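Asker: File name query.cif; file contents mmCIF, C-alpha atoms; full text below.
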data_start
loop_
_atom_site.label_atom_id
_atom_site.label_comp_id
_atom_site.auth_asym_id
_atom_site.auth_seq_id
_atom_site.Cartn_x
_atom_site.Cartn_y
_atom_site.Cartn_z
CA MET A 1 116.57 67.71 90.92
CA SER A 2 114.48 70.68 92.05
CA ILE A 3 115.22 73.43 94.53
CA VAL A 4 112.07 74.48 96.36
CA LEU A 5 111.72 78.03 97.69
CA LYS A 6 109.23 78.45 100.51
CA HIS A 7 108.22 80.99 103.12
CA ALA A 8 110.07 80.74 106.44
CA GLN A 9 109.31 82.65 109.62
CA HIS A 10 111.02 85.84 110.82
CA GLU A 11 111.44 87.38 107.34
CA ARG A 12 113.44 84.51 105.94
CA ILE A 13 113.08 82.36 102.83
CA GLY A 14 113.46 78.60 103.06
CA ILE A 15 115.47 76.59 100.51
CA SER A 16 114.76 72.87 100.28
CA PHE A 17 116.45 70.20 98.13
CA LYS A 18 117.80 66.66 98.32
CA TYR A 19 121.32 66.48 99.72
CA ASN A 20 123.73 67.98 97.23
CA GLU A 21 127.21 69.15 98.23
CA GLU A 22 127.46 71.50 95.26
CA TYR A 23 124.21 73.25 96.21
CA ILE A 24 125.32 73.53 99.84
CA GLU A 25 128.59 75.18 98.83
CA LYS A 26 126.70 77.68 96.66
CA ILE A 27 124.24 78.54 99.41
CA LYS A 28 127.05 79.13 101.88
CA ARG A 29 128.27 81.97 99.66
CA LEU A 30 125.11 83.92 100.49
CA LYS A 31 125.38 86.36 103.37
CA GLY A 32 123.19 85.46 106.32
CA CYS A 33 122.43 81.88 105.22
CA GLN A 34 121.52 79.50 108.05
CA TRP A 35 120.72 75.82 108.45
CA ASP A 36 117.44 75.12 110.28
CA PRO A 37 117.94 71.69 111.92
CA GLU A 38 114.30 71.45 113.03
CA LYS A 39 112.78 72.00 109.56
CA ARG A 40 115.88 70.60 107.84
CA ILE A 41 116.09 73.43 105.33
CA TRP A 42 118.51 76.23 104.54
CA THR A 43 117.23 79.77 105.00
CA ILE A 44 118.34 83.16 103.69
CA PRO A 45 117.20 86.67 104.68
CA ASP A 46 114.19 88.01 102.79
CA ASN A 47 116.40 90.70 101.35
CA GLU A 48 116.36 92.03 97.77
CA LYS A 49 120.13 91.93 97.29
CA ILE A 50 120.55 88.42 98.70
CA VAL A 51 117.59 87.05 96.76
CA LYS A 52 119.04 88.43 93.52
CA GLU A 53 122.37 86.77 94.34
CA PHE A 54 120.56 83.47 94.95
CA ILE A 55 118.79 83.72 91.58
CA THR A 56 122.10 84.45 89.83
CA ILE A 57 123.88 81.50 91.48
CA PHE A 58 121.07 79.02 90.70
CA LYS A 59 119.95 80.47 87.34
CA ASN A 60 120.64 77.19 85.54
CA GLU A 61 118.86 75.01 88.11
CA ASN A 62 115.22 73.92 88.33
CA VAL A 63 113.83 76.31 90.97
CA VAL A 64 110.25 75.62 92.11
CA PHE A 65 108.16 78.08 94.11
CA ASP A 66 106.09 76.74 96.98
CA PRO A 67 102.68 78.55 97.15
CA SER A 68 103.67 80.08 100.50
CA ILE A 69 106.50 82.04 98.86
CA THR A 70 104.11 84.89 97.93
CA LYS A 71 104.13 85.93 101.59
CA THR A 72 107.67 87.21 101.25
CA LYS A 73 108.81 90.75 100.52
CA SER A 74 110.92 89.56 97.57
CA TRP A 75 108.16 87.67 95.74
CA ASP A 76 107.96 90.12 92.83
CA ILE A 77 111.73 90.06 92.41
CA MET A 78 111.81 86.27 92.26
CA ARG A 79 108.87 86.06 89.89
CA ASN A 80 110.10 88.75 87.51
CA THR A 81 113.71 87.58 87.34
CA SER A 82 113.11 83.82 87.24
CA ASN A 83 113.15 81.89 83.98
CA ILE A 84 109.85 80.15 84.71
CA ALA A 85 107.56 80.49 81.73
CA ASN A 86 104.18 81.40 83.18
CA ALA A 87 101.32 83.56 82.01
CA ALA A 88 101.85 86.23 84.65
CA SER A 89 103.52 88.52 82.10
CA GLY A 90 101.55 87.36 79.09
CA ASN A 91 98.14 87.79 77.58
CA ASN A 92 96.44 84.98 79.48
CA ILE A 93 96.42 86.81 82.80
CA SER A 94 95.16 89.98 81.11
CA ARG A 95 92.39 87.98 79.46
CA MET A 96 91.48 86.40 82.77
CA LYS A 97 91.22 89.81 84.43
CA SER A 98 89.06 91.15 81.61
CA GLU A 99 86.72 88.16 81.68
CA MET A 100 86.29 88.40 85.46
CA GLU A 101 85.59 92.13 85.24
CA ILE A 102 82.88 91.47 82.64
CA MET A 103 81.41 88.78 84.90
CA GLY A 104 81.20 91.29 87.75
CA PHE A 105 83.84 89.91 90.10
CA SER A 106 85.25 92.31 92.68
CA ARG A 107 88.79 93.62 92.40
CA LEU A 108 89.85 91.60 95.46
CA THR A 109 88.48 88.36 94.00
CA ILE A 110 90.16 89.03 90.66
CA ASN A 111 93.51 89.62 92.37
CA ALA A 112 93.09 86.48 94.49
CA TYR A 113 92.31 84.29 91.45
CA VAL A 114 95.20 85.73 89.45
CA LYS A 115 97.61 84.99 92.29
CA GLN A 116 96.28 81.43 92.47
CA ILE A 117 97.03 80.92 88.77
CA ILE A 118 100.53 82.38 89.15
CA ARG A 119 101.27 80.13 92.15
CA LEU A 120 100.01 77.08 90.28
CA GLU A 121 102.18 77.83 87.24
CA ASN A 122 105.21 78.47 89.43
CA PHE A 123 104.64 75.17 91.22
CA LEU A 124 104.39 73.31 87.91
CA CYS A 125 107.21 75.31 86.28
CA LYS A 126 105.19 75.63 83.09
CA PRO A 127 102.24 77.56 81.63
CA LEU A 128 98.82 76.09 82.43
CA SER A 129 98.18 75.71 78.71
CA GLU A 130 100.89 73.01 78.73
CA ALA A 131 99.86 71.32 82.01
CA ASP A 132 97.66 68.23 82.24
CA ILE A 133 94.99 67.52 84.82
CA THR A 134 97.16 65.01 86.69
CA GLU A 135 99.74 67.68 87.46
CA VAL A 136 97.04 70.08 88.67
CA LYS A 137 95.60 67.36 90.91
CA GLN A 138 99.03 66.91 92.48
CA TYR A 139 99.13 70.62 93.27
CA ILE A 140 95.66 70.59 94.85
CA GLN A 141 96.60 67.54 96.90
CA TYR A 142 99.74 69.37 97.96
CA LEU A 143 97.61 72.28 99.21
CA ILE A 144 95.30 69.95 101.14
CA ASN A 145 98.25 68.29 102.87
CA SER A 146 100.02 71.58 103.65
CA THR A 147 99.23 74.16 106.30
CA THR A 148 96.95 76.18 103.99
CA SER A 149 93.24 76.22 104.79
CA HIS A 150 90.76 74.06 102.92
CA ALA A 151 89.09 77.24 101.67
CA TYR A 152 92.38 78.17 100.03
CA ALA A 153 92.43 74.85 98.16
CA ARG A 154 88.83 75.41 97.04
CA GLN A 155 89.74 78.87 95.76
CA ALA A 156 92.63 77.38 93.77
CA ILE A 157 90.24 74.91 92.12
CA CYS A 158 87.73 77.66 91.27
CA ALA A 159 90.48 79.83 89.78
CA TYR A 160 91.79 76.95 87.67
CA LYS A 161 88.32 76.05 86.39
CA LEU A 162 87.59 79.67 85.46
CA PHE A 163 90.95 79.93 83.70
CA CYS A 164 90.32 76.77 81.69
CA ILE A 165 86.80 77.75 80.62
CA HIS A 166 87.14 81.48 79.95
CA VAL A 167 90.82 81.80 78.94
CA LEU A 168 91.82 78.48 77.40
CA GLY A 169 88.35 77.80 75.98
CA ARG A 170 88.17 74.29 77.37
CA GLN A 171 85.36 72.38 79.06
CA GLU A 172 85.13 72.53 82.85
CA PRO A 173 87.88 70.20 84.12
CA GLU A 174 87.09 67.33 86.47
CA ILE A 175 89.54 67.80 89.32
CA GLY A 176 88.43 64.61 91.08
CA VAL A 177 90.06 65.55 94.38
CA ILE A 178 87.98 64.96 97.51
CA LEU A 179 88.26 68.04 99.67
CA PRO A 180 87.79 67.75 103.45
CA LYS A 181 84.63 69.17 104.96
CA ARG A 182 84.58 72.92 105.40
CA GLN A 183 86.25 73.95 108.63
CA LYS A 184 83.73 75.56 110.97
CA SER A 185 85.80 77.93 113.06
CA LEU A 186 84.41 80.72 115.22
CA PRO A 187 85.83 84.26 115.05
CA ASP A 188 87.77 85.74 117.95
CA ILE A 189 85.67 88.50 119.52
CA LEU A 190 87.07 91.56 121.26
CA SER A 191 85.34 92.72 124.43
CA GLU A 192 84.07 96.30 124.62
CA GLU A 193 86.95 97.08 126.99
CA GLU A 194 89.49 95.68 124.50
CA VAL A 195 87.94 97.66 121.63
CA THR A 196 88.19 100.82 123.75
CA ARG A 197 91.88 100.17 124.41
CA ILE A 198 92.57 99.63 120.69
CA LEU A 199 90.75 102.80 119.63
CA ASP A 200 92.48 104.83 122.34
CA ALA A 201 95.85 103.48 121.20
CA ALA A 202 95.41 104.96 117.70
CA SER A 203 96.81 108.42 118.37
CA ASN A 204 96.81 109.55 114.71
CA LEU A 205 93.42 111.20 113.99
CA LYS A 206 93.13 109.69 110.50
CA HIS A 207 93.93 106.21 111.79
CA ARG A 208 91.54 106.59 114.69
CA CYS A 209 88.70 107.61 112.36
CA LEU A 210 89.47 104.61 110.15
CA LEU A 211 89.10 102.21 113.09
CA PHE A 212 86.04 104.09 114.35
CA MET A 213 84.30 103.48 111.02
CA VAL A 214 85.14 99.78 110.90
CA TYR A 215 83.81 99.14 114.41
CA SER A 216 80.89 101.58 114.53
CA SER A 217 79.48 100.65 111.11
CA GLY A 218 80.58 97.01 110.81
CA LEU A 219 82.63 97.56 107.65
CA ARG A 220 84.97 95.21 105.87
CA VAL A 221 88.50 96.60 105.50
CA SER A 222 88.09 96.80 101.71
CA GLU A 223 84.92 98.84 102.27
CA VAL A 224 86.36 101.35 104.72
CA VAL A 225 89.39 102.21 102.57
CA SER A 226 87.12 102.69 99.53
CA LEU A 227 84.80 105.22 101.21
CA LYS A 228 84.38 108.57 99.48
CA ILE A 229 83.40 111.86 101.11
CA GLY A 230 79.94 111.65 99.56
CA ASP A 231 79.31 108.21 101.07
CA ILE A 232 78.87 109.75 104.53
CA ASP A 233 75.22 110.81 104.83
CA SER A 234 75.21 112.87 108.03
CA GLY A 235 71.61 114.01 107.44
CA ARG A 236 70.25 110.44 107.64
CA MET A 237 73.12 109.21 109.86
CA MET A 238 73.97 106.47 107.38
CA VAL A 239 76.96 105.25 105.39
CA HIS A 240 76.52 104.24 101.73
CA ILE A 241 78.65 101.21 100.87
CA ARG A 242 79.06 100.91 97.10
CA ARG A 243 79.84 97.73 95.18
CA ALA A 244 80.67 95.72 98.26
CA LYS A 245 81.15 91.95 98.32
CA GLY A 246 79.02 90.37 95.60
CA ALA A 247 78.88 93.73 93.74
CA LYS A 248 76.08 94.85 96.09
CA ASP A 249 75.34 98.30 97.48
CA ARG A 250 73.99 98.73 100.99
CA TYR A 251 73.47 101.27 103.75
CA THR A 252 74.71 100.86 107.29
CA MET A 253 74.54 102.98 110.42
CA LEU A 254 76.67 106.05 111.14
CA SER A 255 77.74 106.62 114.73
CA GLN A 256 77.40 110.16 116.11
CA TYR A 257 80.73 109.74 117.92
CA ALA A 258 82.37 108.62 114.66
CA LEU A 259 80.77 111.53 112.79
CA ASP A 260 82.17 114.06 115.30
CA ALA A 261 85.63 112.53 114.86
CA LEU A 262 85.27 112.59 111.07
CA ARG A 263 84.36 116.28 111.12
CA ALA A 264 87.48 117.08 113.16
CA TYR A 265 89.54 114.95 110.78
CA TYR A 266 88.02 116.63 107.70
CA LYS A 267 88.70 120.09 109.11
CA LYS A 268 92.35 119.19 109.71
CA GLU A 269 93.21 117.01 106.67
CA LYS A 270 90.68 118.31 104.09
CA PRO A 271 90.40 115.14 101.95
CA GLN A 272 88.88 115.87 98.52
CA VAL A 273 87.61 112.58 97.04
CA TRP A 274 88.53 109.59 99.15
CA LEU A 275 87.68 109.74 102.83
CA PHE A 276 91.01 108.08 103.63
CA PRO A 277 93.40 108.98 100.79
CA GLY A 278 96.73 107.23 100.42
CA GLY A 279 100.04 108.64 99.25
CA LYS A 280 100.86 112.30 98.76
CA ASP A 281 97.74 113.25 96.82
CA ASP A 282 94.06 112.36 96.77
CA SER A 283 94.15 110.29 93.59
CA GLU A 284 94.17 106.93 95.39
CA HIS A 285 92.68 105.64 98.60
CA LEU A 286 94.52 104.01 101.49
CA THR A 287 95.53 100.42 100.80
CA VAL A 288 94.03 97.47 102.63
CA ARG A 289 97.48 96.49 103.91
CA THR A 290 98.04 99.95 105.39
CA ALA A 291 94.69 99.74 107.22
CA GLN A 292 95.66 96.33 108.55
CA ARG A 293 98.96 97.72 109.84
CA VAL A 294 97.10 100.58 111.57
CA PHE A 295 95.07 98.00 113.49
CA GLU A 296 98.08 95.80 114.23
CA ASN A 297 100.06 98.72 115.63
CA ALA A 298 97.11 99.79 117.77
CA CYS A 299 96.82 96.25 119.15
CA ILE A 300 100.50 96.22 120.08
CA LYS A 301 100.18 99.56 121.90
CA ALA A 302 97.00 98.38 123.63
CA GLY A 303 98.60 95.12 124.77
CA ILE A 304 96.07 92.92 122.96
CA THR A 305 97.34 89.34 122.76
CA LYS A 306 94.34 87.69 121.08
CA ASN A 307 94.79 86.35 117.55
CA VAL A 308 92.74 89.12 115.93
CA SER A 309 92.78 91.20 112.74
CA ILE A 310 91.06 94.41 111.69
CA HIS A 311 88.14 92.21 110.54
CA SER A 312 87.66 91.31 114.21
CA LEU A 313 86.26 94.82 114.73
CA ARG A 314 83.47 93.92 112.29
CA HIS A 315 82.86 90.65 114.14
CA SER A 316 82.82 92.53 117.43
CA PHE A 317 80.38 95.12 116.04
CA ALA A 318 77.88 92.37 115.21
CA THR A 319 78.40 90.49 118.47
CA HIS A 320 78.05 93.58 120.66
CA LEU A 321 74.86 94.59 118.82
CA LEU A 322 73.43 91.11 119.37
CA GLU A 323 74.35 91.19 123.06
CA SER A 324 72.65 94.56 123.45
CA GLY A 325 69.39 93.16 122.11
CA THR A 326 69.47 94.09 118.39
CA ASP A 327 67.44 91.72 116.22
CA LEU A 328 69.57 89.36 114.12
CA ARG A 329 67.71 90.39 110.94
CA TYR A 330 68.82 94.02 111.32
CA ILE A 331 72.41 92.93 111.95
CA GLN A 332 72.25 90.88 108.75
CA GLU A 333 71.21 93.99 106.80
CA LEU A 334 73.91 96.16 108.35
CA LEU A 335 76.62 93.59 107.56
CA GLY A 336 75.34 92.98 104.01
CA HIS A 337 74.97 89.21 104.42
CA SER A 338 72.88 87.53 101.71
CA SER A 339 71.95 84.65 103.98
CA SER A 340 70.86 84.74 107.62
CA LYS A 341 72.92 81.59 108.16
CA THR A 342 76.08 83.67 107.78
CA THR A 343 74.91 86.10 110.47
CA GLU A 344 73.85 83.31 112.82
CA ILE A 345 77.51 82.56 113.57
CA TYR A 346 77.40 85.44 116.06
CA THR A 347 74.85 83.59 118.18
CA HIS A 348 77.62 81.07 118.89
CA VAL A 349 80.10 83.67 120.17
CA SER A 350 77.67 85.99 121.99
CA LYS A 351 77.67 85.87 125.77
CA LYS A 352 74.06 87.12 125.85
CA ASN A 353 72.56 83.73 126.75
CA ILE A 354 75.63 81.77 127.81
CA GLY A 355 76.44 84.48 130.36
CA LYS A 356 73.18 83.80 132.19
CA ILE A 357 74.07 80.16 132.82
CA VAL A 358 75.71 79.48 136.18
CA SER A 359 78.58 76.98 136.10
CA PRO A 360 77.99 73.95 138.36
CA LEU A 361 81.35 74.68 139.99
CA ASP A 362 80.03 78.05 141.17
CA ARG A 363 77.15 76.29 142.93
CA LEU A 364 79.46 74.22 145.07
CA ARG A 365 80.77 75.29 148.44
CA ILE A 366 84.40 74.28 148.28
CA LYS A 367 86.63 74.90 151.27
CA SER A 368 89.57 77.16 150.52
CA ASP A 369 92.96 75.46 150.38
CA GLN A 370 94.58 76.50 153.64
CA ARG A 371 97.87 74.71 153.06
#
Give the structure from this file in structure tokens form.

Answerer:
Amino acid sequence: MSIVLKHAQHERIGISFKYNEEYIEKIKRLKGCQWDPEKRIWTIPDNEKIVKEFITIFKNENVVFDPSITKTKSWDIMRNTSNIANAASGNNISRMKSEMEIMGFSRLTINAYVKQIIRLENFLCKPLSEADITEVKQYIQYLINSTTSHAYARQAICAYKLFCIHVLGRQEPEIGVILPKRQKSLPDILSEEEVTRILDAASNLKHRCLLFMVYSSGLRVSEVVSLKIGDIDSGRMMVHIRRAKGAKDRYTMLSQYALDALRAYYKKEKPQVWLFPGGKDDSEHLTVRTAQRVFENACIKAGITKNVSIHSLRHSFATHLLESGTDLRYIQELLGHSSSKTTEIYTHVSKKNIGKIVSPLDRLRIKSDQR
């Protein structure tokens, strides 16, 4: 019988298994354990000490990691102390990274694929070299039926195929799983007033400049944290984005307002290499997660309730340019989209044309309710 660890809300880890009195008694020894009657699982705090106690108590049991478990704070502790034999600590993952680097994949894509392989091995409780295609199909089907997006399932398939071909030296595997059609969702767009509130809420000069650059130049979060001092071309009022998505370089616009803020920031902080250094020295740039937290904190202070992320500033940049009359082809260049079809999504969220249409309700003369 397996014990399944999964991500639970509010910084808790879910523990699922078929009814077993011995397991229940063991779990009750853990401080802060709770029974969730709605989900019908036990949960424990996502706490290093408690997680280590759990691993010690159940060290002789078959513990399986649900793919969602990587969202927890204690993921590394569970992976490193578990007895699951996967390639995360072996040569296979190193070989996979090397092969992907040679093939020109970005660091973010490499990390995403590696995590997919680790999750798959943890789900199967064995190295992929020992797994058969039927077991992998079960995992993919599990992803399709779970709350993960269909794109996530596609990424898992791509990672597995790459691993088989370039690490295990096998032919491309036939997964044979019919994936649902791609979900066509539209991005949430912030109004100009909402963007203003968010930018005003970032009181730290460094953080404000970071958000300025994302919105004013339409940058991805991975691009803004990777900017170097020399990438800001104030003479031509442009920003040089190096090795962006698809290993492509591009130029985008530099806002005068953002440049003025950057000069004040540079005078105060004096960064040497990275425009937004992380840690105590200038040897590394700010992490993507830190940039995301900067945006999240600004949204909280600004009272923004929309389901948005720092990437929404990039979406809003494109939408606001379109609404102000900028040609879609120029927006495509600024964003670094290979296909115009990708940029055309902003025509569906722009109010430029829809805003001119008068609702039929507004044409009616309805008497006010006097009751």

Asker: Restricting the calculation to all atoms listed in the file: of A:Arg314, A:Thr343, A:Tyr251, A:Ala8, which residue gets closest to Leu190 of chain A?

Answerer: A:Arg314

Asker: Do you know which residues are at most 8 Å from segment 349-352 of chain A counting all atoms listed in the file, after dropping those on the same chain fewer than 4 positions away, and could you put them as a list in words?

Answerer: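 Neighbouring residues, sequence-local ones excluded: Leu186, Pro187, Ile189, Thr319, His320, Leu322, Glu323, Ser324, Ile345 and Lys356 of chain A.
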
Asker: Starting from the shown file, work through the PyMOL selection byres ((chain A and resi 248) around 12) and note down what comes out as a ChimeraX atom specification.

Answerer: /A:104-106,223,240-247,249-251,333,335-338

Asker: List every residue of segment 286-315 of chain A that has an atom at most 12 Å from any atom of segment 205-209 of chain A, and for each one report the closest atom pair and its distance in Å to one decimal, counting all atoms listed in the file, with rows sorted by chain and then by increasing residue number, as JSON lines.

Answerer:
{"residue": "A:Leu286", "atom": "CA", "partner": "A:His207", "partner_atom": "CA", "distance": 10.5}
{"residue": "A:Thr290", "atom": "CA", "partner": "A:His207", "partner_atom": "CA", "distance": 9.9}
{"residue": "A:Ala291", "atom": "CA", "partner": "A:His207", "partner_atom": "CA", "distance": 8.0}
{"residue": "A:Gln292", "atom": "CA", "partner": "A:His207", "partner_atom": "CA", "distance": 10.5}
{"residue": "A:Arg293", "atom": "CA", "partner": "A:His207", "partner_atom": "CA", "distance": 10.1}
{"residue": "A:Val294", "atom": "CA", "partner": "A:His207", "partner_atom": "CA", "distance": 6.5}
{"residue": "A:Phe295", "atom": "CA", "partner": "A:His207", "partner_atom": "CA", "distance": 8.5}
{"residue": "A:Glu296", "atom": "CA", "partner": "A:His207", "partner_atom": "CA", "distance": 11.5}
{"residue": "A:Asn297", "atom": "CA", "partner": "A:His207", "partner_atom": "CA", "distance": 10.4}
{"residue": "A:Ala298", "atom": "CA", "partner": "A:Arg208", "partner_atom": "CA", "distance": 9.3}

Asker: Here's the selection I'm unsure about, the PyMOL selection byres ((chain A and resi 111) around 12); applied to the file above, which residues does it give, as a ChimeraX atom specification?

Answerer: /A:88,93-94,96-98,100-101,105-110,112-118,155,159

Asker: Which distance in Å separates atom CA of Ile232 of chain A and atom CA of Thr252 of chain A, to one decimal?

Answerer: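 Straight-line distance from atom CA of Ile232 of chain A to atom CA of Thr252 of chain A works out to 10.2 Å.
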
Asker: Any idea what the distance is between atom CA of Phe54 of chain A and atom CA of Ile140 of chain A?

Answerer: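 Atom-to-atom, atom CA of Phe54 of chain A to atom CA of Ile140 of chain A, that is 28.0 Å.
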
Asker: Calculated over only C-alpha atoms, which of the candidates A:Cys158, A:Leu321, A:Ile165, A:Val288 has the smallest distance to Ser217 of chain A?

Answerer: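 The answer is A:Leu321, which sits nearest to Ser217 of chain A.
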
Asker: Using only C-alpha atoms, find the one residue out of A:Gly218, A:Gly32, A:Pro37, A:Pro173 that sits nearest to His311 of chain A.

Answerer: A:Gly218

Asker: Determine the residue set returned by the PyMOL selection byres ((chain A and resi 225) around 8) for the present structure, and present it as a ChimeraX atom specification.

Answerer: /A:210,221-224,226-227,275-276,285-288,291

Asker: Looking at all atoms listed in the file, which of A:Arg119, A:His150, A:Lys161, A:His315 is the one that sits closest to Glu192 of chain A?

Answerer: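 Ranking A:Arg119, A:His150, A:Lys161, A:His315 by distance to Glu192 of chain A, first place goes to A:His315.
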
Asker: Contacts of Ser283 of chain A at 9 Å or less, counting all atoms listed in the file, minus same-chain residues fewer than 6 places along, as number ranges by chain?

Answerer: A: 273-274, 277

Asker: What does the distance from atom CA of Ser146 of chain A to atom CA of Leu168 of chain A come to in Å, to one decimal?

Answerer: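 Between atom CA of Ser146 of chain A and atom CA of Leu168 of chain A the gap is 28.4 Å.
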
Asker: Looking at A:Leu313, A:Ile15, A:Leu328, A:Val136, which one is nearest to Trp35 of chain A, with distances taken over only C-alpha atoms?

Answerer: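 Ranking A:Leu313, A:Ile15, A:Leu328, A:Val136 by distance to Trp35 of chain A, first place goes to A:Ile15.
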
Asker: Using only C-alpha atoms, which of A:Leu128, A:Met213, A:Val308, A:Leu30 sits nearest Phe163 of chain A?

Answerer: A:Leu128

Asker: As lines of an AutoDock Vina configuration file, please: the centre and edge lengths in Å, to one decimal, of an axis-aligned box enclosing every listed atom of segment 119-124 of chain A with 6 Å added on each side.

Answerer:
center_x = 102.6
center_y = 76.7
center_z = 89.7
size_x = 17.2
size_y = 18.8
size_z = 16.9

Asker: May I have the residues within 9 Å of Ser16 of chain A as a PyMOL selection string, using all atoms listed in the file and disregarding those fewer than 4 positions away in the same chain?

Answerer: chain A and resi 2-6+40-43
